[in-house]
Protein chains: 2
Amino acid sequence: MTKHSKILVSLLVGASVAVSVSSADGELQKVMKARGLSEVDVVRAAKTYNPSGVKDEFVVFSSAGQAGQVIVYGVPSMRILKYIGVFTPEPWQGYGFDEESKKVLRQGNIRGREINWGDTHHPALSEKDGKYDGKWLAINDKANPRIAIIDLADFETKQIVVNPVFKSAHGGAFFTQNSDYIIEACQYAAPLDNNYHPIEDYKEAYRGGATMWRFDPAKGKINVKESFTIEMPPYMQDLSDSGKGVSDGWGFTNSFNSEMYTGGIEVGMPPNEAGMSRNDTDFLHVYNWKKLAELAKDSKNVKIINDHKVIPMDIAVKNNALFLIPEPKSPHGVDVSPDGEYITVCGKLDTHASVYKWSNIKKLIDAKEYAGKDPYGIPILDMKKSLHGQAELGLGPLHNQYSNIDGEIYTSLYVDSQIVKWNYKTLKVIDKVNVHYNVGHLCGMEGKSADPQGKYIISLNKLAIDRFQNVGPLHPQNHQLIDISGKKMDLLVDMPLPLGEPHQAVAIRAEKLHGHVRYPMGTNTRTDEIHEGKTLAGQERIERNGNKVTVYATVVRSHINPERITVNKGDEVTFYLTNLERAQDEAHGFTVDHYNIHASLEPGKTASLKFIADIEGVFPYYCTEFCSALHLEMMGYMMVKDPNKKYESAQKMKMQTMTPEQLKAEYDKTVATNAATDAVIQSVVKFLKENKYEKHKVVADLVADAFVQYGQIPDQKKLADKSLKDGDIEKAILFENMIWQLMVKTADVGIRAKDALVRLVATKQSAAASAGEKAFGEGGCGGCHVIGKVSSGPDLTGVLQRHGANGEKWVKDFIMNPEKMYDEPYVKGMIDYFNLRMPNQHMDEKETKNIIEYLKWVDDNANLF
Amino acid sequence: MTKHSKILVSLLVGASVAVSVSSADGELQKVMKARGLSEVDVVRAAKTYNPSGVKDEFVVFSSAGQAGQVIVYGVPSMRILKYIGVFTPEPWQGYGFDEESKKVLRQGNIRGREINWGDTHHPALSEKDGKYDGKWLAINDKANPRIAIIDLADFETKQIVVNPVFKSAHGGAFFTQNSDYIIEACQYAAPLDNNYHPIEDYKEAYRGGATMWRFDPAKGKINVKESFTIEMPPYMQDLSDSGKGVSDGWGFTNSFNSEMYTGGIEVGMPPNEAGMSRNDTDFLHVYNWKKLAELAKDSKNVKIINDHKVIPMDIAVKNNALFLIPEPKSPHGVDVSPDGEYITVCGKLDTHASVYKWSNIKKLIDAKEYAGKDPYGIPILDMKKSLHGQAELGLGPLHNQYSNIDGEIYTSLYVDSQIVKWNYKTLKVIDKVNVHYNVGHLCGMEGKSADPQGKYIISLNKLAIDRFQNVGPLHPQNHQLIDISGKKMDLLVDMPLPLGEPHQAVAIRAEKLHGHVRYPMGTNTRTDEIHEGKTLAGQERIERNGNKVTVYATVVRSHINPERITVNKGDEVTFYLTNLERAQDEAHGFTVDHYNIHASLEPGKTASLKFIADIEGVFPYYCTEFCSALHLEMMGYMMVKDPNKKYESAQKMKMQTMTPEQLKAEYDKTVATNAATDAVIQSVVKFLKENKYEKHKVVADLVADAFVQYGQIPDQKKLADKSLKDGDIEKAILFENMIWQLMVKTADVGIRAKDALVRLVATKQSAAASAGEKAFGEGGCGGCHVIGKVSSGPDLTGVLQRHGANGEKWVKDFIMNPEKMYDEPYVKGMIDYFNLRMPNQHMDEKETKNIIEYLKWVDDNANLF
């Protein structure tokens with residue numbers, strides 16, 4: 001609202017409306033002024049702000065580049081939700097620190113070498129009919145050619161496969177439209193075997209290619225044996241895309257060094273960047289992977305290299321399954337339209353986007369109408385005849401994303417630092433927006449699927465420069481969210497990326513994801529099978545077999561069982577750890593100090609840690625998650641003694657001991673505290689039951705967890721009573737104290753359940769009551785008055801009834817002019833009791849009336865406080 | 001603005017004002033409705049939204065818990081800016097993957113074992129007079145007791161020290177008020193030596209303590225030799241704080257197991273959580289570290305354990321330097337007030353906060369008035385006499401932060417999931433706010449320094465439960481930002497933490513941080529000295545010495561020099577890599593595929609990578625940062641040959657070669673392209689000079705970078721001309737192409753500079769012109785008309801002059817009713833030329849007038865387009 005119209009409102013409409021122009025509006029003006037925000041800024045803020053607890057519409061999976069991980073964030077709030085450990089060990093998740101995840105990570109060893117990072121580039125979501133099904137995420141490693149599979153049920157990496165023939169792989173992962181295969185294209189050409197070949201033999205001995213990884217979408221596993229690679233010339237393949245719809249069964253992979261230049265700056269040659277960008281066109285590789293997959297089943301069509309099937313180029317050519325089409329200078333993206341008919345390629349050193357038409361290409365292929373052959377004998381299709389047309393977009397066009405509007409496409413311009421919206425059918429530019437700075441990929445909402453959603457485009461900028469507070473020479477990258485729902489694109493907000501250098505990102509509707517929050521008890525989460533080390537309560541034990549020590553342990557709020565373990569120096573120690581919790585988000589962590597091991601234990605998970613106890617000493621182990629009030633006490637000791645050493649026991653210190661009477665007194669006190677605490681719990685239980693907590697899933701989950709805690713009390717009580725009977729009062733005290741701890745945990749969750757229930761079942765506040773609650777808060781009334789409780793002032797529940805028939809008037813007068821009533825007997829009594837006078841908070845009549853409405857609402861819901 | 005008042009405005013004030021109630025306001029209402037936002041939500045959005053490029057007021061450093069890193073984020077936008085690698089290797093930063101950072105990381109080895117993670121808990125900012133100076137950040141590792149020092153000039157970890165006597169350390173790091181020392185307290189008591197001692201000897205042989213690390217605030221280094229440890233009983237020390245102001249020179253450390261319970265759940269004893277929480281009070285340790293530091297200089301006062309000075313308890317007691325005060329049940333935080341006079345301790349199993357008064361404590365100490373002694377002979381001060389008083393806060397009080405208001409303190413309540421605002425002088429509760437869920441620490445703005453800033457409190461919640469989209473059983477944690485500037489606390493927004501489990505966070509005014517963006521050329525960034533491997537342009541070389549190969553390499557947009565390296569299998573290879581860039585944010589990365597090495601190279605940095613070339617083959621190396629348009633081409637090959645093998649050269653393929661005429665034609669074309677590109681560059685240069693780019697630092701920085709690119713052209717030109725003269729036309733073409741690449745890089749940065757300058761120097765738009773630009777955009781006019789350029793429609797620069805004296809009317813009529821003018825000769829000519837008709841976009845008169853105002857503004861600034 002402009003200042004001008006605001007003045008008019010107050011002049012013409014008068015004071016009463018000025019109040020209903022809510023104070024939030026006035027506050028908004030204040031905040032805008034203080035923070036220098038324009039009205040447009042406020043609209044953008046509103047478009048990206050999620051109130052507490054409100055979830056996002058889309059979830060983005062972004063590569064983290066050299067961090068070797070996957071980044072998960074929400075749109076439009078642009079809040080990062082998770083970094084998933086993929087190729088890089090990550091101790092918070094236990095990834096690479098427990099035995100189960102180590103097995104996954106070590107699947108990625110190359111020729112025996114442990115690789116502890118990856119250069120992730122292109123995440124891909126599994127598809128059904130070209131649409132995302134929300135089940136699996138695949139991502140490649142460019143530096144160490146590998147593909148990882150992440151399970152979107154628990155966001156854990158479940159498989160890593162190493163490409164047996166490539167020495168690098170940039171253009172993956174890309175699912176085929178029913179997730180039968182994942183395409184991974186080579187980047188830097190190299191010999192497919194593992195031998196040395198001099199650079200002078202580049203054209204003869206170096207090769208590129210595309211690996212077709214066979215994927216089982218039901219199990220989420222790559223079948224390595226059924227996978228194969230299509231040999232390609234050493235043109236330096238770059239990005240790929242899988243055909244869909246009309247082009248299903250075909251793959252498209254571009255390239256940037258059809259010059260086959262090999263550099264040599266050190267011997268006076270121009271650098272690679274000059275030689276690899278010499279030609280005006282490079283080659284788009286077009287291949288019939290469906291046919292090639294059939295061919296690969298016959299051993300006469302494949303060469304076995306490094307125990308892997310490779311289809312030689314001549315076999316592919318002979319079977320009409322591999323073609324080349326010229327494409328503009330050093331392209332980056334190749335992006336198939338939702339229906340599969342248009343294939344857009346952007347030459348990053350050309351100002352044009354080239355739109356190929358699948359029906360044109362198919363016609364040429366079917367007619368065997370070739371413009372020529374490349375030096376390796378691969379048929380070349382005529383570029384012009386393959387094209388639908390070209391559009392001039394600007395400097396450095398790179399990647400494309402589709403929206404839900406027919407023909408609408410969005411392209412990133414690296415050099416111009418812009419996103420351009422255009423139409424790939426009419427080839428007209430519609431709009432451009434500046435981004436900051438130098439965008440690489442861009443991410444639409446399901447923008448590369450057969451079902452793009454429109455709404456937003458994210459610009460994945462490679463530079464941040466001046467966008468954020470300086471955090472040293474290594475800057476965060478910047479993902480910028482752009483609203484594309486209007487005619488003009490509108491850049492809404494910047495999101496710094498705090499770790500890693502993302503390349504591509506893919507977005508999916510949040511409603512399509514169905515992650516779970518707990519595992520079946522005793523799950524090995526990397527195989528999703530029941531773990532051999534699964535241990536339930538009561539099954540905890542330490543087994544010794546020669547120099548092998550196996551600890552079957554459980555963790556639960558707030559103790560680890562067992563708590564004391566002694567082993568010999570040199571023993572091989574295995575911990576099997578099962579988290580007995582069922583409550584959402586009740587993860588525990590586990591480490592043994594100094595031993596470089598760590599496990600994250602989500603509810604129901606079993607993980608194992610294995611090490612040689614090779615140094616003598618005393619090593620605490622503990623729960624590394626702040627899981628509960630007594631989290632620090634959730635610990636134990638591993639003691640490693642040297643079997644070849646003799647140890648003398650320390651001379652015992654003389655400690656003061658308690659008399660039996662003192663012990664009995666402490667016991668009685670503890671039992672009394674427990675009885676009092678139990679009364680509180682019972683009152684909460686009564687409240688919950690009376691208000692039918694079981695009708696509300698959120699509350700019912702919390703109550704179930706509270707009952708789990710509470711249900712452990714009878715066993716402890718038995719132990720306490722037995723100790724007492726046996727005359728061990730000290731032990732009885734401790735078991736009683738354990739009961740209290742369980743009560744505290746019950747109360748912790750129970751109170752959360754009660755609060756949640758109150759919000760759900762209270763009567764709806766009138767606008768006046770709501771304004772009154774606000775005035776009550778802002779007036780500082782809560783400092784002395786706590787609803788439902790005597791605090792530094794009286795409980796106000798029922799206050800309107802407390803002062804006779806004219807209670808409302810009494811309260812109103814007292815709020816507005818308390819000092820006039822200090823001498824009234826009731827007020828005087830209160831002043832004496834609390835040693836405090838009700839101050840005049842200068843509430844006006846309106847505010848006072850609203851407060852009274854609020855107090856009425858309190859009385860209506862008195863049972864809830 | 002409420003709906004009610006909105007209707008009134010339009011009824012009473014009429015249409016003309018309805019327009020000036022800007023369309024942004026109407027859009028805001030639409031967004032609020034679509035996203036279900038209340039007015040209060042919009043205010044909160046405005047309080048936390050940063051428009052693109054706007055920086056934050058405060059920067060927070062948070063521990064990342066078991067991720068072993070430090071998280072940096074901005075307030076109030078709550079955007080995470082960086083994860084700093086500290087105890088965990090992190091490949092994006094090259095941390096633990098290049099030799100320099102490995103040296104830092106390996107300082108953290110414990111008894112020879114490589115530790116690759118840490119459990120970071122408590123970050124601390126260096127202080128001067130108790131105020132933050134923005135220079136250094138220290139953080140502890142609880143699991144493997146260590147302290148790391150991070151340099152806030154470049155946000156890199158520069159030092160790690162291992163605690164030689166503790167087996168775990170939770171209560172660190174805490175700087176003394178002039179950063180002379182860093183306090184690190186023990187957590188789980190253990191023998192100070194490295195030997196086995198049975199748990200039965202707990203009281204006799206297990207010890208706690210506080211290590212006083214001597215810190216040099218000028219150099220940012222811990223001096224290990226001058227550091228010492230104060231032996232303490234095995235009470236399980238927890239958090240500490242350093243005295244300041246009146247209590248400077250003293251340290252405060254609390255504890256939670258003064259029961260000295262040692263568990264034994266596996267032998268039928270109650271678990272630790274029961275035994276360690278039995279007593280109603282534990283002990284606050286109060287020690288005169290200044291006096292103890294003096295004592296430690298005399299060898300007769302110390303025991304040397306593991307080559308480290310330990311002051312035994314009896315020496316500390318004899319010198320009146322160590323005392324105990326009872327404190328409520330199992331406390332967590334101990335927090336000294338800004339002036340040092342009040343020390344607040346929260347017993348997490350008590351509902352009270354206890355406020356001790358330093359003057360009370362000092363009086364008892366000076367008078368040697370003790371209430372007794374503990375079993376180790378340490379004097380105990382009377383609790384009541386030490387206290388200022390207690391305040392009942394709620395269930396599970398943990399930690400405290402101060403604001404800029406005298407007496408105001410904020411405390412986290414774990415069990416109640418609340419933040420409570422109260423006054424530690426009057427002991428009155430002022431306000432409470434619910435958080436979601438189970439808060440641990442809380443973070444005020446400089447809230448533990450001598451100069452707290454108020455404004456915000458961040459609640460560091462341990463659970464997220466239902467706050468965010470499900471990302472699997474391991475949930476993000478949740479930091480909630482609370483506005484404390486009003487009377488009532490106002491919870492503004494949730495921030496998920498995507499990696500790690502933060503414990504404590506510290507916040508500093510952004511203006512106090514002075515990070516840099518580039519290093520002096522050739523810097524070893526971990527020592528801040530010039531690197532022995534520093535290599536400038538022209539100094540690149542490969543040196544061989546027996547089986548040692550040293551590569552002195554440089555990286556710069558967009559090539560690595562050298563590009564081809566052949567070594568023998570078994571050679572020890574060292575790469576020294578220097579980033580020659582000066583431009584902000586122009587980082588490069590470097591890896592050799594399959595060799596598990598990676599370096600991040602910020603401008604000016606030199607890093608080294610070292611490995612044994614133990615597998616034969618061809619291994620691409622490349623720049624891992626998307627640094628420029630030709631980033632993919634920034635690569636080379638390392639070839640590893642087996643000296644014991646014989647290799648045969650491949651039979652050369654027959655390739656088509658170009659005729660000299662073809663080559664000459666390509667050469668001529670390339671030179672012509674360069675001339676044309678140079679003309680564009682010169683026009684940009686002219687523009688920049690005419691508009692005095694040098695007056696604007698941001699632009700001048702960009703122009704300087706562009707000139708660096710452009711300045712490399714003459715050398716390449718010489719090489720091209722020489723090649724041409726020598727008759728090697730192909731090489732000449734390549735060098736000419738290199739010139740083009742340099743021109744593209746020049747243009748990339750130059751255009752960015754031009755755009756920045758245009759924004760800075762254009763005349764200010766009138767409100768009408770601004771509305772007109774918007775109408776122009778939303779009307780889709782930009783689809784055909786690009787200002788300053790003929791696109792799918794004519795350039796509109798000068799359009800108002802183009803149609804005679806009545807130009808404005810002509811344009812207005814044409815916008816509003818174009819179809820009526822299709823037959824005018826000029827319009828007809830245009831329609832024929834562009835093959836497009838100007839459509840009727842149904843602009844009203846007001847919009848049309850505004851567009852004309854916009855076009856006037858365009859003409860005023862025609863020189864800028």
# chains A, B, ... in the order shown; residues from 1 in each chain; ligands from 1
call {"tool": "residues_around", "arguments": {"residues": "Asn178 in chain A", "least_positions_apart": "4", "cutoff": "8 Å", "atoms": "only C-alpha atoms", "output": "PyMOL selection string"}}
result
chain A and resi 126-130
call {"tool": "residues_around", "arguments": {"residues": "range 197-203 of chain A", "least_positions_apart": "3", "cutoff": "12 Å", "atoms": "only C-alpha atoms", "output": "PyMOL selection string"}}
result
(chain A and resi 188-194+206-208+232-236+257-264+375-376) or (chain B and resi 563-567+616-620+636-642+645-655)
call {"tool": "closest_residue", "arguments": {"among": "A:Phe256, A:Phe166, A:Tyr196, A:Phe228", "to": "chain B", "atoms": "only C-alpha atoms"}}
result
A:Tyr196
call {"tool": "select_by_dssp", "arguments": {"residues": "range 551-720 of chain A", "states": "helix (DSSP H, G or I)", "output": "ChimeraX atom specification"}}
result
/A:631-633,660-690,693-695,697-710,713-720
call {"tool": "write_last_selection", "arguments": {"atoms": "C-alpha atoms", "output": "PDB file, in the first residue's frame"}}
result
ATOM      1  CA  HIS A 631      22.276 -37.831  26.389  1.00  0.00           C
ATOM      2  CA  LEU A 632      25.638 -37.074  28.019  1.00  0.00           C
ATOM      3  CA  GLU A 633      25.123 -39.948  30.421  1.00  0.00           C
ATOM      4  CA  PRO A 660      21.563 -47.085  56.553  1.00  0.00           C
ATOM      5  CA  GLU A 661      19.272 -44.354  57.898  1.00  0.00           C
ATOM      6  CA  GLN A 662      20.570 -41.830  55.393  1.00  0.00           C
ATOM      7  CA  LEU A 663      20.130 -44.370  52.615  1.00  0.00           C
ATOM      8  CA  LYS A 664      16.598 -45.137  53.725  1.00  0.00           C
ATOM      9  CA  ALA A 665      15.767 -41.441  53.795  1.00  0.00           C
ATOM     10  CA  GLU A 666      17.095 -41.010  50.249  1.00  0.00           C
ATOM     11  CA  TYR A 667      15.157 -44.055  49.129  1.00  0.00           C
ATOM     12  CA  ASP A 668      11.938 -42.680  50.587  1.00  0.00           C
ATOM     13  CA  LYS A 669      12.537 -39.315  49.004  1.00  0.00           C
ATOM     14  CA  THR A 670      13.170 -40.875  45.596  1.00  0.00           C
ATOM     15  CA  VAL A 671      10.028 -43.000  45.812  1.00  0.00           C
ATOM     16  CA  ALA A 672       8.029 -39.939  46.834  1.00  0.00           C
ATOM     17  CA  THR A 673       9.410 -37.908  43.893  1.00  0.00           C
ATOM     18  CA  ASN A 674       8.430 -40.724  41.573  1.00  0.00           C
ATOM     19  CA  ALA A 675       4.918 -40.831  42.978  1.00  0.00           C
ATOM     20  CA  ALA A 676       4.573 -37.074  42.472  1.00  0.00           C
ATOM     21  CA  THR A 677       5.965 -37.251  38.954  1.00  0.00           C
ATOM     22  CA  ASP A 678       3.659 -40.135  38.138  1.00  0.00           C
ATOM     23  CA  ALA A 679       0.695 -38.057  39.272  1.00  0.00           C
ATOM     24  CA  VAL A 680       1.670 -35.395  36.747  1.00  0.00           C
ATOM     25  CA  ILE A 681       2.010 -38.023  34.027  1.00  0.00           C
ATOM     26  CA  GLN A 682      -1.363 -39.489  34.929  1.00  0.00           C
ATOM     27  CA  SER A 683      -2.964 -36.074  34.655  1.00  0.00           C
ATOM     28  CA  VAL A 684      -1.481 -35.675  31.189  1.00  0.00           C
ATOM     29  CA  VAL A 685      -2.667 -39.166  30.260  1.00  0.00           C
ATOM     30  CA  LYS A 686      -6.142 -38.310  31.512  1.00  0.00           C
ATOM     31  CA  PHE A 687      -6.121 -35.152  29.434  1.00  0.00           C
ATOM     32  CA  LEU A 688      -4.950 -37.018  26.355  1.00  0.00           C
ATOM     33  CA  LYS A 689      -7.552 -39.728  26.719  1.00  0.00           C
ATOM     34  CA  GLU A 690     -10.365 -37.302  27.433  1.00  0.00           C
ATOM     35  CA  TYR A 693      -5.604 -38.188  21.248  1.00  0.00           C
ATOM     36  CA  GLU A 694      -5.846 -41.347  19.150  1.00  0.00           C
ATOM     37  CA  LYS A 695      -7.859 -39.481  16.530  1.00  0.00           C
ATOM     38  CA  LYS A 697      -1.984 -39.288  14.002  1.00  0.00           C
ATOM     39  CA  VAL A 698       0.740 -36.803  14.975  1.00  0.00           C
ATOM     40  CA  VAL A 699      -0.354 -36.913  18.607  1.00  0.00           C
ATOM     41  CA  ALA A 700      -0.951 -40.663  18.603  1.00  0.00           C
ATOM     42  CA  ASP A 701       2.631 -41.240  17.389  1.00  0.00           C
ATOM     43  CA  LEU A 702       3.982 -39.155  20.242  1.00  0.00           C
ATOM     44  CA  VAL A 703       1.767 -40.863  22.804  1.00  0.00           C
ATOM     45  CA  ALA A 704       2.861 -44.268  21.531  1.00  0.00           C
ATOM     46  CA  ASP A 705       6.458 -43.231  22.095  1.00  0.00           C
ATOM     47  CA  ALA A 706       5.633 -41.933  25.593  1.00  0.00           C
ATOM     48  CA  PHE A 707       3.981 -45.247  26.448  1.00  0.00           C
ATOM     49  CA  VAL A 708       7.079 -47.119  25.271  1.00  0.00           C
ATOM     50  CA  GLN A 709       9.080 -45.124  27.804  1.00  0.00           C
ATOM     51  CA  TYR A 710       6.479 -45.545  30.501  1.00  0.00           C
ATOM     52  CA  ILE A 713       8.918 -48.782  34.407  1.00  0.00           C
ATOM     53  CA  PRO A 714       7.443 -52.045  35.853  1.00  0.00           C
ATOM     54  CA  ASP A 715      10.653 -53.980  35.085  1.00  0.00           C
ATOM     55  CA  GLN A 716      12.738 -51.354  36.819  1.00  0.00           C
ATOM     56  CA  LYS A 717      10.311 -51.324  39.727  1.00  0.00           C
ATOM     57  CA  LYS A 718      10.758 -55.083  40.141  1.00  0.00           C
ATOM     58  CA  LEU A 719      14.534 -54.633  40.216  1.00  0.00           C
ATOM     59  CA  ALA A 720      14.226 -51.816  42.755  1.00  0.00           C
TER      60      ALA A 720
END
call {"tool": "closest_residue", "arguments": {"among": "B:Thr411, B:Asn404, B:Asn140, B:Ser558", "to": "chain A", "atoms": "only C-alpha atoms"}}
result
B:Ser558
call {"tool": "residues_around", "arguments": {"residues": "Gln177 in chain B", "least_positions_apart": "4", "cutoff": "12 Å", "atoms": "only C-alpha atoms", "output": "NGL selection string"}}
result
:B and (124-133 or 181-183 or 215 or 217 or 241-251 or 290 or 336 or 338-340 or 448-451)
call {"tool": "select_by_dssp", "arguments": {"residues": "range 499-659 of chain B", "states": "strand (DSSP E)", "output": "PyMOL selection string"}}
result
chain B and resi 505-509+523-524+529-530+541-545+548-556+559-561+564-568+572-579+588-592+599-601+606-612+617-622+635-641
call {"tool": "residues_around", "arguments": {"residues": "range 167-174 of chain B", "least_positions_apart": "6", "cutoff": "6 Å", "atoms": "only C-alpha atoms", "output": "JSON, numbers by chain"}}
result
{"B": [122, 124, 139, 140, 142, 143, 144, 145, 182, 183, 184, 185, 186, 187, 188, 238, 239, 240]}
call {"tool": "atom_distance", "arguments": {"atom1": "CA of Thr624 in chain A", "atom2": "CA of Ile597 in chain A"}}
result
11.6 Å
call {"tool": "closest_residue", "arguments": {"among": "A:Arg759, A:His121, A:His559, A:Lys569", "to": "chain B", "atoms": "only C-alpha atoms"}}
result
A:His559
call {"tool": "atom_distance", "arguments": {"atom1": "CA of Asp98 in chain B", "atom2": "CA of Gly85 in chain A"}}
result
20.7 Å
call {"tool": "residues_around", "arguments": {"residues": "range 440-442 of chain B", "least_positions_apart": "2", "cutoff": "8 Å", "atoms": "only C-alpha atoms", "output": "PyMOL selection string"}}
result
(chain A and resi 626) or (chain B and resi 398-401+411-414+438+444+457-462+503-505)
call {"tool": "residues_around", "arguments": {"residues": "range 545-547 of chain B", "least_positions_apart": "4", "cutoff": "10 Å", "atoms": "only C-alpha atoms", "output": "mmCIF file with all heavy atoms, in the first residue's frame"}}
result
data_model
loop_
_atom_site.group_PDB
_atom_site.id
_atom_site.type_symbol
_atom_site.label_atom_id
_atom_site.label_comp_id
_atom_site.auth_asym_id
_atom_site.auth_seq_id
_atom_site.Cartn_x
_atom_site.Cartn_y
_atom_site.Cartn_z
ATOM 1 N N VAL B 567 55.006 -40.593 -17.330
ATOM 2 C CA VAL B 567 55.876 -41.052 -16.230
ATOM 3 C C VAL B 567 55.965 -42.569 -16.282
ATOM 4 O O VAL B 567 55.198 -43.233 -16.997
ATOM 5 C CB VAL B 567 55.342 -40.604 -14.852
ATOM 6 C CG1 VAL B 567 55.163 -39.093 -14.792
ATOM 7 C CG2 VAL B 567 54.029 -41.306 -14.523
ATOM 8 N N ASN B 568 56.921 -43.090 -15.538
ATOM 9 C CA ASN B 568 57.046 -44.535 -15.437
ATOM 10 C C ASN B 568 56.229 -45.056 -14.268
ATOM 11 O O ASN B 568 56.105 -44.394 -13.230
ATOM 12 C CB ASN B 568 58.515 -44.934 -15.237
ATOM 13 C CG ASN B 568 59.288 -44.814 -16.537
ATOM 14 O OD1 ASN B 568 58.789 -45.119 -17.619
ATOM 15 N ND2 ASN B 568 60.532 -44.337 -16.431
ATOM 16 N N LYS B 569 55.689 -46.238 -14.443
ATOM 17 C CA LYS B 569 54.973 -46.901 -13.351
ATOM 18 C C LYS B 569 55.913 -46.999 -12.150
ATOM 19 O O LYS B 569 57.068 -47.409 -12.295
ATOM 20 C CB LYS B 569 54.522 -48.286 -13.826
ATOM 21 C CG LYS B 569 53.601 -48.978 -12.850
ATOM 22 C CD LYS B 569 53.073 -50.291 -13.398
ATOM 23 C CE LYS B 569 52.530 -51.124 -12.262
ATOM 24 N NZ LYS B 569 52.050 -52.422 -12.726
ATOM 25 N N GLY B 570 55.434 -46.602 -10.999
ATOM 26 C CA GLY B 570 56.266 -46.634 -9.800
ATOM 27 C C GLY B 570 56.890 -45.293 -9.450
ATOM 28 O O GLY B 570 57.385 -45.108 -8.339
ATOM 29 N N ASP B 571 56.859 -44.359 -10.376
ATOM 30 C CA ASP B 571 57.414 -43.032 -10.080
ATOM 31 C C ASP B 571 56.632 -42.355 -8.956
ATOM 32 O O ASP B 571 55.412 -42.518 -8.848
ATOM 33 C CB ASP B 571 57.350 -42.127 -11.328
ATOM 34 C CG ASP B 571 58.454 -42.429 -12.336
ATOM 35 O OD1 ASP B 571 59.340 -43.261 -12.015
ATOM 36 O OD2 ASP B 571 58.423 -41.850 -13.442
ATOM 37 N N GLU B 572 57.374 -41.573 -8.174
ATOM 38 C CA GLU B 572 56.710 -40.712 -7.198
ATOM 39 C C GLU B 572 56.474 -39.365 -7.875
ATOM 40 O O GLU B 572 57.427 -38.690 -8.261
ATOM 41 C CB GLU B 572 57.596 -40.538 -5.960
ATOM 42 C CG GLU B 572 56.938 -39.695 -4.878
ATOM 43 C CD GLU B 572 57.930 -39.303 -3.792
ATOM 44 O OE1 GLU B 572 58.362 -40.190 -3.031
ATOM 45 O OE2 GLU B 572 58.285 -38.107 -3.729
ATOM 46 N N VAL B 573 55.202 -39.009 -8.041
ATOM 47 C CA VAL B 573 54.856 -37.807 -8.802
ATOM 48 C C VAL B 573 54.373 -36.718 -7.855
ATOM 49 O O VAL B 573 53.548 -36.973 -6.977
ATOM 50 C CB VAL B 573 53.753 -38.116 -9.841
ATOM 51 C CG1 VAL B 573 53.402 -36.869 -10.651
ATOM 52 C CG2 VAL B 573 54.183 -39.258 -10.757
ATOM 53 N N ILE B 612 52.155 -42.036 -5.784
ATOM 54 C CA ILE B 612 52.961 -42.994 -6.541
ATOM 55 C C ILE B 612 52.133 -43.405 -7.752
ATOM 56 O O ILE B 612 50.983 -43.824 -7.608
ATOM 57 C CB ILE B 612 53.291 -44.245 -5.688
ATOM 58 C CG1 ILE B 612 53.965 -43.852 -4.375
ATOM 59 C CG2 ILE B 612 54.167 -45.229 -6.488
ATOM 60 C CD1 ILE B 612 55.327 -43.234 -4.491
#
